[in-house]
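K.L.:
Input file: work39.txt. Contents: compact mmCIF, C-alpha atoms and all ligand atoms.
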# COMPACT_ATOMS: atom_id res chain seq x y z
CA MET A 1 -38.59 164.78 106.46
CA HIS A 2 -37.05 163.75 103.15
CA VAL A 3 -38.69 160.50 102.01
CA THR A 4 -37.85 158.41 98.93
CA VAL A 5 -40.94 156.63 97.69
CA PHE A 6 -40.19 153.43 95.73
CA SER A 7 -42.44 151.57 93.25
CA THR A 8 -44.51 154.69 92.68
CA LYS A 9 -47.52 154.50 90.39
CA PRO A 10 -49.49 157.62 89.42
CA TYR A 11 -52.25 156.69 91.89
CA ASP A 12 -49.72 156.34 94.77
CA ARG A 13 -48.39 159.80 94.03
CA ARG A 14 -51.87 161.34 93.87
CA PHE A 15 -53.00 159.93 97.23
CA LEU A 16 -49.66 160.47 99.03
CA GLU A 17 -49.44 164.10 97.85
CA ALA A 18 -52.98 164.74 99.07
CA ALA A 19 -52.22 163.20 102.48
CA ASN A 20 -48.94 165.14 102.69
CA ALA A 21 -50.53 168.51 101.89
CA THR A 22 -50.57 169.66 105.51
CA ALA A 23 -47.69 167.49 106.80
CA GLY A 24 -45.22 169.06 104.36
CA HIS A 25 -42.66 166.25 104.04
CA SER A 26 -40.38 166.29 101.03
CA LEU A 27 -41.39 163.26 98.97
CA SER A 28 -39.23 162.02 96.06
CA PHE A 29 -41.21 159.65 93.88
CA LEU A 30 -39.37 156.86 92.05
CA GLU A 31 -40.90 154.31 89.70
CA ALA A 32 -38.07 151.88 90.48
CA ARG A 33 -38.69 148.92 92.75
CA LEU A 34 -36.53 148.90 95.88
CA SER A 35 -33.72 146.35 95.60
CA PHE A 36 -30.01 146.31 96.39
CA ALA A 37 -29.34 147.83 92.94
CA THR A 38 -31.71 150.77 93.54
CA SER A 39 -31.17 151.27 97.28
CA GLY A 40 -28.52 153.95 96.66
CA LEU A 41 -31.22 156.19 95.15
CA ALA A 42 -32.46 156.80 98.70
CA SER A 43 -29.14 158.25 99.77
CA GLY A 44 -29.73 161.46 101.73
CA ALA A 45 -33.31 160.55 102.63
CA LYS A 46 -34.19 159.80 106.25
CA ALA A 47 -37.07 157.52 105.27
CA VAL A 48 -38.10 155.26 102.43
CA CYS A 49 -41.65 154.33 101.57
CA ALA A 50 -41.98 150.80 100.17
CA PHE A 51 -44.68 148.51 98.83
CA VAL A 52 -45.38 144.76 98.81
CA ASN A 53 -42.91 143.63 96.15
CA ASP A 54 -40.04 145.90 97.19
CA GLU A 55 -37.08 143.96 98.54
CA VAL A 56 -36.29 144.97 102.10
CA ASN A 57 -33.77 142.25 102.90
CA ALA A 58 -30.55 142.43 104.94
CA SER A 59 -28.32 143.76 102.15
CA VAL A 60 -30.87 146.39 101.11
CA LEU A 61 -31.29 147.51 104.74
CA ALA A 62 -27.50 147.75 105.21
CA SER A 63 -27.26 149.90 102.10
CA LEU A 64 -30.19 152.11 103.20
CA ALA A 65 -28.64 152.55 106.66
CA ALA A 66 -25.31 153.52 105.10
CA GLY A 67 -27.16 156.21 103.14
CA GLY A 68 -28.74 157.62 106.32
CA VAL A 69 -32.19 156.00 106.23
CA LYS A 70 -33.78 155.56 109.66
CA LEU A 71 -37.34 154.59 108.75
CA VAL A 72 -38.94 152.16 106.32
CA ALA A 73 -42.60 153.17 106.01
CA LEU A 74 -44.46 150.34 104.32
CA ARG A 75 -47.62 151.36 102.53
CA ALA A 76 -49.01 147.88 103.12
CA ALA A 77 -50.22 145.65 105.95
CA GLY A 78 -48.15 142.53 105.16
CA PHE A 79 -44.42 142.73 105.93
CA ASN A 80 -43.15 139.33 104.78
CA ASN A 81 -40.77 141.15 102.40
CA VAL A 82 -38.90 142.81 105.30
CA ASP A 83 -36.04 141.29 107.31
CA LEU A 84 -37.05 142.74 110.69
CA GLU A 85 -34.03 141.32 112.51
CA ALA A 86 -31.70 143.02 110.01
CA ALA A 87 -33.65 146.27 110.37
CA ARG A 88 -33.12 146.17 114.12
CA ARG A 89 -29.39 145.52 113.65
CA GLU A 90 -29.16 148.50 111.30
CA GLY A 91 -31.12 150.75 113.67
CA ILE A 92 -33.93 151.18 111.12
CA THR A 93 -37.52 151.43 112.34
CA VAL A 94 -40.11 149.62 110.21
CA ALA A 95 -43.69 150.84 110.16
CA ARG A 96 -46.73 149.63 108.26
CA VAL A 97 -50.41 150.34 107.67
CA PRO A 98 -52.04 147.61 109.75
CA ALA A 99 -55.56 148.19 108.49
CA TYR A 100 -56.58 150.44 105.63
CA SER A 101 -59.68 148.79 104.36
CA PRO A 102 -60.19 145.16 105.22
CA HIS A 103 -63.50 145.66 103.37
CA ALA A 104 -61.62 146.17 100.09
CA VAL A 105 -59.87 142.80 100.32
CA ALA A 106 -62.86 140.93 101.74
CA GLU A 107 -65.17 142.27 99.02
CA HIS A 108 -62.65 141.40 96.29
CA THR A 109 -62.42 137.89 97.70
CA VAL A 110 -66.16 137.51 97.36
CA ALA A 111 -66.01 139.01 93.86
CA LEU A 112 -63.61 136.20 92.89
CA ILE A 113 -65.90 133.59 94.45
CA LEU A 114 -69.01 134.86 92.65
CA THR A 115 -67.25 135.41 89.33
CA LEU A 116 -65.84 131.89 89.29
CA ASN A 117 -69.03 130.27 90.52
CA ARG A 118 -71.32 131.99 88.02
CA ASN A 119 -68.72 132.10 85.20
CA ILE A 120 -69.11 135.85 84.87
CA HIS A 121 -65.62 136.11 83.30
CA ARG A 122 -66.68 133.76 80.51
CA ALA A 123 -70.20 135.18 80.13
CA TYR A 124 -68.74 138.67 79.66
CA ASN A 125 -66.77 137.55 76.60
CA ARG A 126 -69.53 135.37 75.20
CA VAL A 127 -72.17 138.10 75.25
CA ARG A 128 -69.80 140.58 73.62
CA GLU A 129 -69.39 138.09 70.77
CA GLY A 130 -73.13 137.58 70.41
CA ASN A 131 -73.06 134.13 72.00
CA PHE A 132 -75.99 133.82 74.39
CA ALA A 133 -75.76 130.06 74.92
CA LEU A 134 -75.74 129.01 78.57
CA ASP A 135 -74.04 125.67 78.13
CA GLY A 136 -70.84 125.65 80.18
CA LEU A 137 -71.93 128.50 82.47
CA LEU A 138 -73.74 126.41 85.09
CA GLY A 139 -73.05 127.64 88.63
CA PHE A 140 -74.12 126.61 92.11
CA ASP A 141 -76.02 128.33 94.92
CA LEU A 142 -73.77 129.67 97.66
CA ALA A 143 -76.64 129.30 100.15
CA GLY A 144 -76.25 126.03 101.98
CA LYS A 145 -72.61 125.49 100.96
CA THR A 146 -69.74 125.18 103.43
CA ALA A 147 -66.98 127.77 103.26
CA GLY A 148 -63.68 127.37 105.11
CA VAL A 149 -61.88 130.55 106.11
CA VAL A 150 -58.20 130.17 107.02
CA GLY A 151 -57.13 133.18 109.10
CA THR A 152 -59.92 135.17 110.73
CA GLY A 153 -58.24 138.48 111.48
CA LYS A 154 -59.56 141.76 110.08
CA ILE A 155 -60.10 140.52 106.52
CA GLY A 156 -61.10 136.95 107.35
CA GLU A 157 -63.72 138.19 109.83
CA LEU A 158 -65.38 140.30 107.13
CA VAL A 159 -65.30 137.40 104.68
CA CYS A 160 -67.01 135.25 107.35
CA ARG A 161 -69.66 137.96 107.78
CA ILE A 162 -70.38 138.24 104.06
CA LEU A 163 -70.48 134.49 103.47
CA THR A 164 -72.70 134.01 106.51
CA GLY A 165 -75.02 136.57 104.91
CA PHE A 166 -75.14 134.43 101.76
CA GLY A 167 -76.38 131.53 103.88
CA CYS A 168 -73.14 129.55 103.90
CA THR A 169 -72.05 127.41 106.82
CA VAL A 170 -68.71 128.96 107.73
CA LEU A 171 -65.86 126.94 109.23
CA ALA A 172 -62.66 128.61 110.35
CA TYR A 173 -59.10 127.82 111.26
CA ASP A 174 -56.88 130.28 113.10
CA LEU A 175 -54.24 130.10 115.80
CA GLN A 176 -56.28 132.68 117.71
CA PRO A 177 -60.05 132.31 117.27
CA ASN A 178 -61.89 135.61 116.86
CA SER A 179 -64.86 136.00 119.22
CA ALA A 180 -66.72 138.22 116.69
CA CYS A 181 -66.67 135.26 114.29
CA GLU A 182 -67.80 132.84 116.97
CA GLN A 183 -70.70 135.19 117.76
CA MET A 184 -71.86 135.10 114.15
CA GLY A 185 -71.95 131.30 114.25
CA VAL A 186 -68.60 130.50 112.65
CA ARG A 187 -67.28 127.14 113.86
CA TYR A 188 -63.56 126.83 114.60
CA GLY A 189 -61.82 123.49 114.23
CA PRO A 190 -58.63 121.87 113.01
CA LEU A 191 -57.42 122.70 109.49
CA LYS A 192 -57.82 119.06 108.49
CA GLU A 193 -61.54 119.14 109.28
CA LEU A 194 -62.07 122.47 107.50
CA LEU A 195 -60.37 121.11 104.37
CA SER A 196 -62.37 117.91 104.26
CA LEU A 197 -65.75 119.64 104.72
CA SER A 198 -65.46 122.88 102.73
CA ASP A 199 -66.84 123.52 99.24
CA ILE A 200 -64.91 126.80 99.21
CA VAL A 201 -61.57 127.40 100.96
CA THR A 202 -60.37 131.00 101.23
CA LEU A 203 -57.00 132.07 102.66
CA HIS A 204 -56.57 135.14 104.88
CA CYS A 205 -53.54 134.33 107.02
CA PRO A 206 -50.23 136.20 106.65
CA LEU A 207 -47.24 134.64 104.90
CA THR A 208 -44.94 133.34 107.65
CA PRO A 209 -42.59 130.35 107.83
CA ALA A 210 -45.57 128.42 109.26
CA THR A 211 -47.93 129.32 106.41
CA HIS A 212 -45.41 129.01 103.54
CA HIS A 213 -46.94 126.41 101.18
CA LEU A 214 -49.70 125.77 103.73
CA ILE A 215 -51.69 124.46 100.77
CA ASP A 216 -49.43 121.81 99.28
CA ALA A 217 -50.03 118.44 97.57
CA LYS A 218 -50.63 116.66 100.90
CA VAL A 219 -53.20 119.20 102.01
CA LEU A 220 -54.89 119.26 98.59
CA ALA A 221 -55.43 115.51 98.87
CA ARG A 222 -57.60 116.16 101.93
CA MET A 223 -59.90 118.61 100.16
CA LYS A 224 -63.31 117.89 98.71
CA ARG A 225 -63.03 116.99 95.03
CA GLY A 226 -63.90 120.04 92.92
CA VAL A 227 -63.25 122.51 95.76
CA MET A 228 -63.05 126.25 95.05
CA LEU A 229 -59.72 127.60 96.32
CA ILE A 230 -59.29 131.36 96.77
CA ASN A 231 -56.08 133.15 97.73
CA THR A 232 -56.00 136.89 98.34
CA SER A 233 -53.38 136.69 101.12
CA ARG A 234 -49.85 136.10 99.78
CA GLY A 235 -48.80 133.96 96.83
CA ALA A 236 -46.46 131.59 98.66
CA VAL A 237 -49.19 130.44 101.07
CA ILE A 238 -50.00 127.98 98.30
CA ASP A 239 -47.62 125.70 96.44
CA THR A 240 -48.59 126.80 92.93
CA ARG A 241 -47.13 123.75 91.18
CA ALA A 242 -49.15 121.42 93.43
CA VAL A 243 -52.25 123.51 92.75
CA LEU A 244 -51.61 123.23 89.01
CA ARG A 245 -51.56 119.44 89.34
CA GLY A 246 -54.76 119.67 91.41
CA LEU A 247 -56.44 121.61 88.58
CA LYS A 248 -55.37 119.02 86.03
CA ASP A 249 -56.66 116.04 88.03
CA GLY A 250 -59.91 117.75 89.07
CA THR A 251 -59.13 118.04 92.80
CA ILE A 252 -59.54 121.79 92.37
CA GLY A 253 -62.72 122.79 90.57
CA TYR A 254 -62.15 126.55 90.69
CA LEU A 255 -59.13 128.67 91.49
CA GLY A 256 -59.23 132.39 92.28
CA LEU A 257 -55.94 134.19 92.89
CA ASP A 258 -55.10 137.80 93.59
CA VAL A 259 -51.54 136.95 94.54
CA TYR A 260 -48.87 134.70 93.07
CA GLU A 261 -45.63 133.29 94.44
CA GLU A 262 -43.47 134.89 91.76
CA GLU A 263 -45.60 138.01 91.28
CA ALA A 264 -42.74 140.41 92.04
CA ASP A 265 -41.39 139.75 88.54
CA PHE A 266 -44.40 141.15 86.74
CA PHE A 267 -47.39 142.27 88.83
CA PHE A 268 -48.23 146.00 88.75
CA GLU A 269 -46.57 146.36 85.31
CA ASP A 270 -48.10 146.55 81.83
CA LEU A 271 -46.50 143.64 79.96
CA SER A 272 -49.20 143.44 77.29
CA GLN A 273 -46.66 144.12 74.52
CA ARG A 274 -44.28 141.45 75.83
CA PHE A 275 -44.65 137.83 76.92
CA ILE A 276 -44.98 136.29 80.36
CA ASP A 277 -41.70 134.57 81.11
CA ASP A 278 -43.21 132.23 83.70
CA ASP A 279 -44.50 128.90 82.43
CA VAL A 280 -46.42 128.02 85.61
CA PHE A 281 -48.31 131.30 85.51
CA ALA A 282 -48.90 131.03 81.76
CA ARG A 283 -50.28 127.50 82.23
CA LEU A 284 -52.66 128.71 84.95
CA LEU A 285 -54.10 131.21 82.49
CA THR A 286 -55.14 128.40 80.13
CA PHE A 287 -57.78 127.00 82.51
CA PRO A 288 -61.33 128.30 82.10
CA ASN A 289 -61.93 127.72 85.83
CA VAL A 290 -58.99 129.89 86.94
CA LEU A 291 -59.41 133.60 87.60
CA ILE A 292 -56.39 135.74 88.41
CA THR A 293 -56.26 139.41 89.33
CA GLY A 294 -52.94 141.20 89.73
CA HIS A 295 -52.84 141.99 93.46
CA GLN A 296 -55.70 144.45 93.21
CA ALA A 297 -57.80 143.35 96.19
CA PHE A 298 -56.65 146.38 98.19
CA PHE A 299 -57.27 148.77 95.30
CA THR A 300 -60.21 150.95 96.31
CA GLN A 301 -60.36 154.71 96.76
CA GLU A 302 -61.02 154.31 100.46
CA ALA A 303 -58.05 151.97 100.92
CA LEU A 304 -55.62 154.20 98.98
CA ALA A 305 -56.69 157.27 100.97
CA ASN A 306 -56.25 155.40 104.27
CA ILE A 307 -52.90 153.92 103.21
CA ALA A 308 -51.58 157.37 102.30
CA GLU A 309 -52.88 159.02 105.49
CA THR A 310 -51.48 156.33 107.80
CA THR A 311 -48.15 156.31 105.96
CA ILE A 312 -47.81 160.08 106.36
CA THR A 313 -48.88 159.78 110.04
CA ASN A 314 -46.16 157.15 110.59
CA ILE A 315 -43.56 159.44 109.01
CA THR A 316 -44.71 162.53 110.95
CA SER A 317 -44.74 160.77 114.30
CA PHE A 318 -41.31 159.27 113.63
CA GLU A 319 -39.95 162.73 112.81
CA ARG A 320 -41.43 164.23 115.97
CA THR A 321 -40.89 161.47 118.53
CA GLY A 322 -38.51 158.93 117.01
CA HIS A 323 -41.37 156.41 116.95
CA ALA A 324 -43.81 155.63 114.18
CA VAL A 325 -47.41 155.05 115.27
CA HIS A 326 -47.58 151.60 113.68
CA GLU A 327 -44.10 150.21 114.23
CA ILE A 328 -43.46 146.52 113.68
CA SER A 329 -41.33 145.13 116.46
CA VAL A 330 -39.41 141.88 116.08
CA GLU A 331 -40.23 140.95 119.69
CA ARG A 332 -43.97 141.29 119.20
CA ILE A 333 -43.92 139.22 116.02
CA ALA A 334 -41.84 136.49 117.66
CA ARG A 335 -44.41 136.06 120.45
P1 LIG A 401 -54.70 140.11 110.44
O1 LIG A 401 -53.37 140.16 111.11
O2 LIG A 401 -55.81 140.97 110.96
O3 LIG A 401 -55.23 138.59 110.42
C1 LIG A 401 -54.42 137.50 110.12
C2 LIG A 401 -54.99 136.30 110.85
O4 LIG A 401 -54.23 135.14 110.45
C3 LIG A 401 -54.85 136.42 112.38
O5 LIG A 401 -56.10 136.15 113.00
C4 LIG A 401 -53.80 135.37 112.74
O6 LIG A 401 -54.02 134.77 114.02
C5 LIG A 401 -54.01 134.36 111.61
N1 LIG A 401 -52.87 133.47 111.43
C6 LIG A 401 -51.54 133.75 111.59
N2 LIG A 401 -50.81 132.64 111.38
C7 LIG A 401 -51.69 131.66 111.09
C8 LIG A 401 -51.54 130.27 110.79
N3 LIG A 401 -50.33 129.69 110.78
N4 LIG A 401 -52.65 129.55 110.55
C9 LIG A 401 -53.88 130.13 110.60
N5 LIG A 401 -54.09 131.43 110.88
C10 LIG A 401 -53.00 132.18 111.12
O7 LIG A 401 -54.41 140.41 108.92
P2 LIG A 401 -55.45 140.92 107.81
O8 LIG A 401 -55.47 142.41 107.79
O9 LIG A 401 -56.73 140.17 107.95
O10 LIG A 401 -54.68 140.46 106.48
C11 LIG A 401 -54.42 139.09 106.21
C12 LIG A 401 -53.42 138.98 105.08
O11 LIG A 401 -54.03 139.45 103.87
C13 LIG A 401 -52.19 139.90 105.24
O12 LIG A 401 -51.18 139.28 106.02
C14 LIG A 401 -51.73 140.09 103.83
O13 LIG A 401 -50.77 139.12 103.50
C15 LIG A 401 -52.99 139.87 103.00
N6 LIG A 401 -53.43 141.10 102.31
C16 LIG A 401 -53.61 141.05 100.96
C17 LIG A 401 -54.03 142.19 100.28
C18 LIG A 401 -54.28 142.18 98.80
O14 LIG A 401 -54.40 143.25 98.19
N7 LIG A 401 -54.38 141.03 98.17
C19 LIG A 401 -54.25 143.38 100.99
C20 LIG A 401 -54.08 143.38 102.37
C21 LIG A 401 -53.66 142.23 103.03
Would you mind writing the structure in this file as structure tokens?
P.N.:
Amino acid sequence: MHVTVFSTKPYDRRFLEAANATAGHSLSFLEARLSFATSGLASGAKAVCAFVNDEVNASVLASLAAGGVKLVALRAAGFNNVDLEAARREGITVARVPAYSPHAVAEHTVALILTLNRNIHRAYNRVREGNFALDGLLGFDLAGKTAGVVGTGKIGELVCRILTGFGCTVLAYDLQPNSACEQMGVRYGPLKELLSLSDIVTLHCPLTPATHHLIDAKVLARMKRGVMLINTSRGAVIDTRAVLRGLKDGTIGYLGLDVYEEEADFFFEDLSQRFIDDDVFARLLTFPNVLITGHQAFFTQEALANIAETTITNITSFERTGHAVHEISVERIAR
């Protein structure tokens, strides 16, 4: 099948070509992000392969359908960037990679927690400059602290397991409690209770209308003063402006982000020779207790290999049967 791959980085190409070696699809790699302006580049392809910041809205889907595209194969788990209703109208199947390595994201989450807590990001620079003073690097023991995990699916469950191993008391909030978490001693309760009791709050729910700005000014007011807030899910789950105010007034003691509401404008690109045209983001970078990574939680060898293999499997099964193995159906999501 002829597939146009958008937002291609050298590592995407390497792993997709390896996974495609036996499948033999014809892959055209484009660096361009998928948007209405670039959608015509897929003309003649039966499938497009898209990533988290590609725009797969109604107008893009209409343009893809007009060019003959029948499948959007996401090389990601989250699909908040896709208008599924529009895809159905256009007769386009949407497939994703539901799980590639929840370990990658869970471990990165814990890396953010430990780095912020022990000031590793600051110690790294100090030591390189010959400054071995400890003042300002004081951390706290994770053992005995209370961690609140919002969303205990594949990633959240692993975060619960790791934090339990550190000796934390783990509280959780999810619409559907996970029995594996309950078995490891995680206590489910209302979000309000989790927020008021947790020293660390970490977000692992998808971005949906219900979770958009889940962490806003009202919710922040319920949190323990000096809380550590971690977001590796999707940027818009937190209201970044409210969080900025929370950092200024001390409500938030530590902030670890792998995702950002407006990340599509600059994440995954090297802008080191330019400037960041986003004052909220630039302000976040001025805080010593803020640590931001550029949507790299998924970025392990194991995850990239799994993403590529599942993406190629989705494409192959769609070509053979008209159905991708991991299709996203509007009906199932609505339930
Ligand atoms: P999952 O579907 O296994 O788990 C999501 C959990 O969130 C489910 O248990 C679900 O019941 C719960 N949930 C849904 N709506 C909720 C709500 N309103 N309140 C509380 N809980 C709610 O997904 P996963 O594989 O664990 O991934 C979680 C999210 O992590 C993804 O949706 C994606 O946005 C993000 N993610 C980020 C990266 C990264 O590189 N930073 C990589 C992969 C996934």
K.L.:
Step by step, measure atom-to-atom distances between ligand LIG 401 (chain A) and each residue using all atoms listed in the file, keep those at most 8 Å, then write them as a ChimeraX atom specification.
P.N.:
/A:76-80,98-99,102,104-105,150-157,173-178,204-208,210-211,232-234,258-259,295-299
K.L.:
For A:Arg13, work out the shell of residues within 10 Å, counting only C-alpha atoms and skipping chain neighbours fewer than 5 positions away, then give it as a ChimeraX atom specification.
P.N.:
/A:5,8,18-19,27-30,308
K.L.:
In Å, with one decimal, what is the gap from atom CA of A:Gly250 to atom CA of A:Cys168?
P.N.:
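For atom CA of A:Gly250 relative to atom CA of A:Cys168, the distance reads 23.1 Å.
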K.L.:
Have a look at A:Ser198, A:Tyr100, A:Cys160, A:Gly294 and name the one nearest to A:Phe268; count all atoms listed in the file.
P.N.:
A:Gly294
K.L.:
One decimal, Å: what's the distance from atom CA of A:Arg283 over to atom CA of A:Val243, could you say?
P.N.:
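Separation of atom CA of A:Arg283 and atom CA of A:Val243: 11.4 Å.
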K.L.:
Between atom CA of A:Thr169 and atom CA of A:Asp199, what is the distance in Å, rounded to a tenth?
P.N.:
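The value is 10.0 Å.
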K.L.:
Please list as a PDB file with C-alpha atoms, keeping the file's coordinate frame every residue within 8 Å of A:Ser7, counting all atoms listed in the file and excluding residues in the same chain fewer than 6 positions away.
P.N.:
ATOM      1  CA  LEU A  30     -39.370 156.860  92.050  1.00  0.00           C
ATOM      2  CA  GLU A  31     -40.900 154.310  89.700  1.00  0.00           C
ATOM      3  CA  ALA A  32     -38.070 151.880  90.480  1.00  0.00           C
ATOM      4  CA  ARG A  33     -38.690 148.920  92.750  1.00  0.00           C
ATOM      5  CA  LEU A  34     -36.530 148.900  95.880  1.00  0.00           C
ATOM      6  CA  ALA A  50     -41.980 150.800 100.170  1.00  0.00           C
ATOM      7  CA  PHE A  51     -44.680 148.510  98.830  1.00  0.00           C
ATOM      8  CA  ASP A  54     -40.040 145.900  97.190  1.00  0.00           C
TER       9      ASP A  54
END
K.L.:
Quick one: everything within 10 Å of A:Leu64, counting only C-alpha atoms, minus sequence neighbours fewer than 3 positions away in the same chain. Send it as a PyMOL selection string.
P.N.:
chain A and resi 36+38-48+56+58-61+67-72+87+90+92
K.L.:
Taking only C-alpha atoms into account, name the residue in A:Ser329, A:Gln273, A:Thr202, A:Thr4 that is nearest to A:His108.
P.N.:
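Result for the nearest residue to A:His108: A:Thr202.
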K.L.:
Under the rule that only C-alpha atoms are counted, which of A:Leu203, A:Tyr188, A:Cys181, A:Ala95 is the nearest residue to A:Val149?
P.N.:
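Checking each of A:Leu203, A:Tyr188, A:Cys181, A:Ala95 against A:Val149, counting only C-alpha atoms, the winner is A:Leu203.
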